[in-house]
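Student: Dumping the structure here so I can ask a few things about it.
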Amino acid sequence: EAQVTQNPRYLITVTGKKLTVTCSQNMNHEYMSWYRQDPGLGLRQIYYSMNVEVTDKGDVPEGYKVSRKEKRNFPLILESPSPNQTSLYFCASSPSSLGSNQPQHFGDGTRLSIL
Amino acid sequence: SQQGEEDPQALSIQEGENATMNCSYKTSINNLQWYRQNSGRGLVHLILIRSNEREKHSGRLRVTLDTSKKSSSLLITASRAADTASYFCATPTYSGAGSYQLTFGKGTKLSVIP
């Protein structure tokens with residue numbers, strides 16, 4: 001089954017403790033992206049990757065890192081999490097970012113709570 | 001920055017009624033996409049309408065696009081309780097080198113009452 005898989009689905013942690021949210025897709029998609037969703041603010045893009053070893057900042061990259069060493073994986077790293085990073089996070093992928101007619105496939109989300 | 005803005009923010013209807021949601025955007029687009037999000041789940045792509053199309057159908061969904069008014073509408077006919085979800089419009093924003101990013105609106109929360 002074609003899917004985007006995020007782990008963990010839920011995480012409660014404390015300020016400053018490094019964490020990684022994994023994202024994996026099995027569709028051989030070139031493009032992957034991370035979003036955060038907050039009440040009243042909608043979805044905002046954190047980082048995206050157009051292909052292996054090619055990443056770029058989205059609208060709200062501060063406090064986050066990403067890497068794209070393999071085509072299928074795109075982990076989101078919070079080196080020193082802070083309470084304002086408490087949010088619902090989504091990973092998404094699409095065949096390519098080239099051309100604008102590319103629907104995105106979303107994972108089921110990761111709910112992070114930073115205390 | 002937000003490109004698409006949905007209206008209304010929330011909508012409550014009885015099962016069997018039609019639901020209409022609107023999306024307005026600011027800049028020229030090549031296409032506009034609609035997504036559905038069930039509570040606590042990821043977004044699911046519903047339909048894409050290109051800038052040279054005025055109307056598109058998919059099952060009980062009907063999407064219109066008016067590029068002169070920079071607006072789109074999503075109509076769900078004969079709604080069901082299972083249609084209860086948030087609905088988002090998304091527009092592609094050019095980010096250089098032939099690449100596009102999707103910018104999402106804040107969504108319309110639809111409640112269908114059995």
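The chains in the structure tokens are called A, B, ... from first to last as shown; in each chain the residues are counted from 1, and the ligands are counted from 1 in the order shown.
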For chain B, work out the contacting residues on chain A at 12 Å, counting only C-alpha atoms, and write them as a PyMOL selection string.
Tutor: chain A and resi 3-6+9-10+30-51+56-60+87-94+96-111
Student: Could you go through region 32-108 of chain A and tell me which residues DSSP, when run on the backbone, assigns to strand (DSSP E), listing them as an MDAnalysis selection string?
Tutor: chainID A and resid 32:38 42:51 54:57 65:66 76:78 87:94 105:106
Student: Let's have the selection written as a CSV table (one decimal), in the first residue's frame, with N, CA and C atoms.
Tutor:
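File written: selection27.csv
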```
chain,number,residue,atom,x,y,z
A,32,MET,N,9.7,15.7,-0.8
A,32,MET,CA,9.2,15.5,0.6
A,32,MET,C,9.2,16.8,1.3
A,33,SER,N,8.3,16.9,2.3
A,33,SER,CA,8.1,18.2,3.0
A,33,SER,C,7.6,17.9,4.4
A,34,TRP,N,7.9,18.9,5.3
A,34,TRP,CA,7.4,18.9,6.6
A,34,TRP,C,6.6,20.1,6.9
A,35,TYR,N,5.4,19.9,7.5
A,35,TYR,CA,4.6,21.0,7.9
A,35,TYR,C,4.3,20.9,9.4
A,36,ARG,N,3.9,22.0,10.0
A,36,ARG,CA,3.3,22.0,11.3
A,36,ARG,C,2.0,22.7,11.2
A,37,GLN,N,1.0,22.2,12.0
A,37,GLN,CA,-0.3,22.7,12.0
A,37,GLN,C,-0.7,23.1,13.4
A,38,ASP,N,-1.1,24.4,13.5
A,38,ASP,CA,-1.4,25.0,14.8
A,38,ASP,C,-2.8,25.7,14.6
A,42,GLY,N,-3.3,27.3,10.5
A,42,GLY,CA,-3.3,26.4,9.4
A,42,GLY,C,-2.0,25.6,9.3
A,43,LEU,N,-1.7,25.1,8.1
A,43,LEU,CA,-0.5,24.4,7.8
A,43,LEU,C,0.6,25.3,7.4
A,44,ARG,N,1.8,25.2,8.0
A,44,ARG,CA,2.9,26.0,7.6
A,44,ARG,C,4.1,25.1,7.3
A,45,GLN,N,4.8,25.4,6.2
A,45,GLN,CA,5.9,24.5,5.8
A,45,GLN,C,7.1,24.8,6.6
A,46,ILE,N,7.8,23.8,7.0
A,46,ILE,CA,9.0,23.9,7.8
A,46,ILE,C,10.2,23.8,6.9
A,47,TYR,N,10.4,22.7,6.3
A,47,TYR,CA,11.5,22.4,5.3
A,47,TYR,C,10.9,21.5,4.2
A,48,TYR,N,11.6,21.5,3.1
A,48,TYR,CA,11.3,20.6,2.0
A,48,TYR,C,12.5,20.1,1.4
A,49,SER,N,12.3,19.0,0.6
A,49,SER,CA,13.5,18.4,-0.1
A,49,SER,C,13.0,18.0,-1.5
A,50,MET,N,13.8,18.5,-2.5
A,50,MET,CA,13.4,18.2,-3.9
A,50,MET,C,14.0,16.9,-4.4
A,51,ASN,N,15.0,16.4,-3.6
A,51,ASN,CA,15.6,15.1,-4.0
A,51,ASN,C,16.7,14.8,-2.9
A,54,VAL,N,19.2,17.4,-1.3
A,54,VAL,CA,18.7,18.7,-1.7
A,54,VAL,C,17.6,19.1,-0.7
A,55,THR,N,17.9,20.0,0.2
A,55,THR,CA,16.9,20.5,1.1
A,55,THR,C,16.8,22.0,1.1
A,56,ASP,N,15.7,22.6,1.5
A,56,ASP,CA,15.6,24.0,1.6
A,56,ASP,C,14.5,24.4,2.6
A,57,LYS,N,14.7,25.7,3.1
A,57,LYS,CA,13.8,26.1,4.2
A,57,LYS,C,12.4,26.5,3.6
A,65,LYS,N,15.9,21.0,12.0
A,65,LYS,CA,16.9,20.6,11.0
A,65,LYS,C,16.3,19.4,10.3
A,66,VAL,N,16.7,19.1,9.0
A,66,VAL,CA,16.3,18.0,8.3
A,66,VAL,C,17.5,17.4,7.6
A,76,LEU,N,12.9,14.8,10.6
A,76,LEU,CA,12.8,16.1,11.2
A,76,LEU,C,13.5,16.1,12.5
A,77,ILE,N,14.5,17.0,12.7
A,77,ILE,CA,15.2,16.9,14.0
A,77,ILE,C,15.0,18.2,14.7
A,78,LEU,N,14.7,18.1,16.0
A,78,LEU,CA,14.6,19.2,16.9
A,78,LEU,C,15.8,19.1,17.9
A,87,SER,N,3.2,21.1,18.8
A,87,SER,CA,2.3,21.3,17.6
A,87,SER,C,2.0,19.9,17.0
A,88,LEU,N,1.2,19.9,15.9
A,88,LEU,CA,0.9,18.7,15.2
A,88,LEU,C,1.8,18.8,13.9
A,89,TYR,N,2.6,17.8,13.6
A,89,TYR,CA,3.5,17.8,12.5
A,89,TYR,C,3.1,16.8,11.5
A,90,PHE,N,3.2,17.2,10.2
A,90,PHE,CA,2.9,16.3,9.1
A,90,PHE,C,4.1,16.2,8.1
A,91,CYS,N,4.3,15.0,7.6
A,91,CYS,CA,5.2,14.8,6.5
A,91,CYS,C,4.4,14.6,5.3
A,92,ALA,N,4.9,15.0,4.2
A,92,ALA,CA,4.2,14.8,2.9
A,92,ALA,C,5.1,14.5,1.8
A,93,SER,N,4.7,13.9,0.8
A,93,SER,CA,5.5,13.6,-0.4
A,93,SER,C,4.7,13.7,-1.7
A,94,SER,N,5.4,14.0,-2.8
A,94,SER,CA,4.8,14.0,-4.1
A,94,SER,C,5.9,13.5,-5.1
A,105,HIS,N,0.9,13.6,-0.8
A,105,HIS,CA,0.4,12.5,0.0
A,105,HIS,C,0.9,12.7,1.4
A,106,PHE,N,0.0,12.7,2.4
A,106,PHE,CA,0.4,13.0,3.8
A,106,PHE,C,0.5,11.8,4.7
```
Student: From the list B:Ser68, B:Ser28, B:Glu17, B:Cys23, which residue is nearest Ala81 (chain B) when using only C-alpha atoms?
Tutor: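 The closest residue to Ala81 (chain B) is B:Glu17.
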Student: Write out as a list in words which residues come within 7 Å of region 51-64 of chain B when counting only C-alpha atoms, dropping same-chain ones fewer than 3 positions away.
Tutor: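 Answer for this query is Ile29, Asn30, Asn31, Thr67, Ser72, Ser73, Leu74, Leu75, Ile76 and Thr77 of chain B.
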Student: From the list B:Ser39, B:Val112, B:Ser71, B:Ser86, which residue is nearest Glu15 (chain B) when using only C-alpha atoms?
Tutor: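 Closest to Glu15 (chain B) of all the choices is B:Val112.
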Student: If we count only C-alpha atoms and set the cut-off at 8 Å, which residues sit around Asn28 (chain A), ignoring sequence neighbours fewer than 2 positions away in its own chain? Please answer as a PyMOL selection string.
Tutor: chain A and resi 25-26+30+71-72+95
Student: Write the residues of the preceding selection, restricted to C-alpha atoms, as a PDB file, in the first residue's frame.
Tutor:
```
ATOM      1  CA  GLN A  25       7.528   6.959   1.949  1.00  0.00           C
ATOM      2  CA  ASN A  26       7.307   3.867  -0.264  1.00  0.00           C
ATOM      3  CA  GLU A  30      11.423  12.751  -5.189  1.00  0.00           C
ATOM      4  CA  LYS A  71      15.116   8.983  -1.228  1.00  0.00           C
ATOM      5  CA  ARG A  72      12.550   7.318   1.029  1.00  0.00           C
ATOM      6  CA  PRO A  95       6.373  12.524  -7.243  1.00  0.00           C
TER       7      PRO A  95
END
```
Student: Show which residues sit within 10 Å of Lys17 (chain A), as a ChimeraX atom specification. Count only C-alpha atoms, and ignore same-chain residues fewer than 6 positions away.
Tutor: /A:78-82,114
Student: Would you put the residues from that selection into a file with C-alpha atoms, as an mmCIF file, in the first residue's frame?
Tutor:
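again-v6.cif written:
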```
data_model
loop_
_atom_site.group_PDB
_atom_site.id
_atom_site.type_symbol
_atom_site.label_atom_id
_atom_site.label_comp_id
_atom_site.auth_asym_id
_atom_site.auth_seq_id
_atom_site.Cartn_x
_atom_site.Cartn_y
_atom_site.Cartn_z
ATOM 1 C CA LEU A 78 14.631 19.238 16.911
ATOM 2 C CA GLU A 79 18.080 19.772 18.433
ATOM 3 C CA SER A 80 16.839 21.703 21.476
ATOM 4 C CA PRO A 81 13.034 21.620 21.580
ATOM 5 C CA SER A 82 11.147 24.457 23.180
ATOM 6 C CA ILE A 114 7.247 20.019 24.708
#
```
Student: A:Val52, A:Leu11, A:Leu112, A:Val21: which is nearest Asn84 (chain A), counting only C-alpha atoms?
Tutor: A:Leu112
Student: Tell me which of A:Asn7, A:Arg68, A:Glu1, A:Asn73 sits closest to Ser24 (chain A), counting only C-alpha atoms.
Tutor: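 Of all the options, A:Asn73 lies closest to Ser24 (chain A).
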Student: Quote the spacing between CA of Glu53 (chain A) and CA of Pro75 (chain A) in Å to one decimal place.
Tutor: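 Result for CA of Glu53 (chain A) versus CA of Pro75 (chain A): 12.5 Å, one decimal.
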Student: Between CA of Asn22 (chain B) and CA of Ile113 (chain B), what is the spacing in Å?
Tutor: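 CA of Asn22 (chain B) lies 20.5 Å from CA of Ile113 (chain B).
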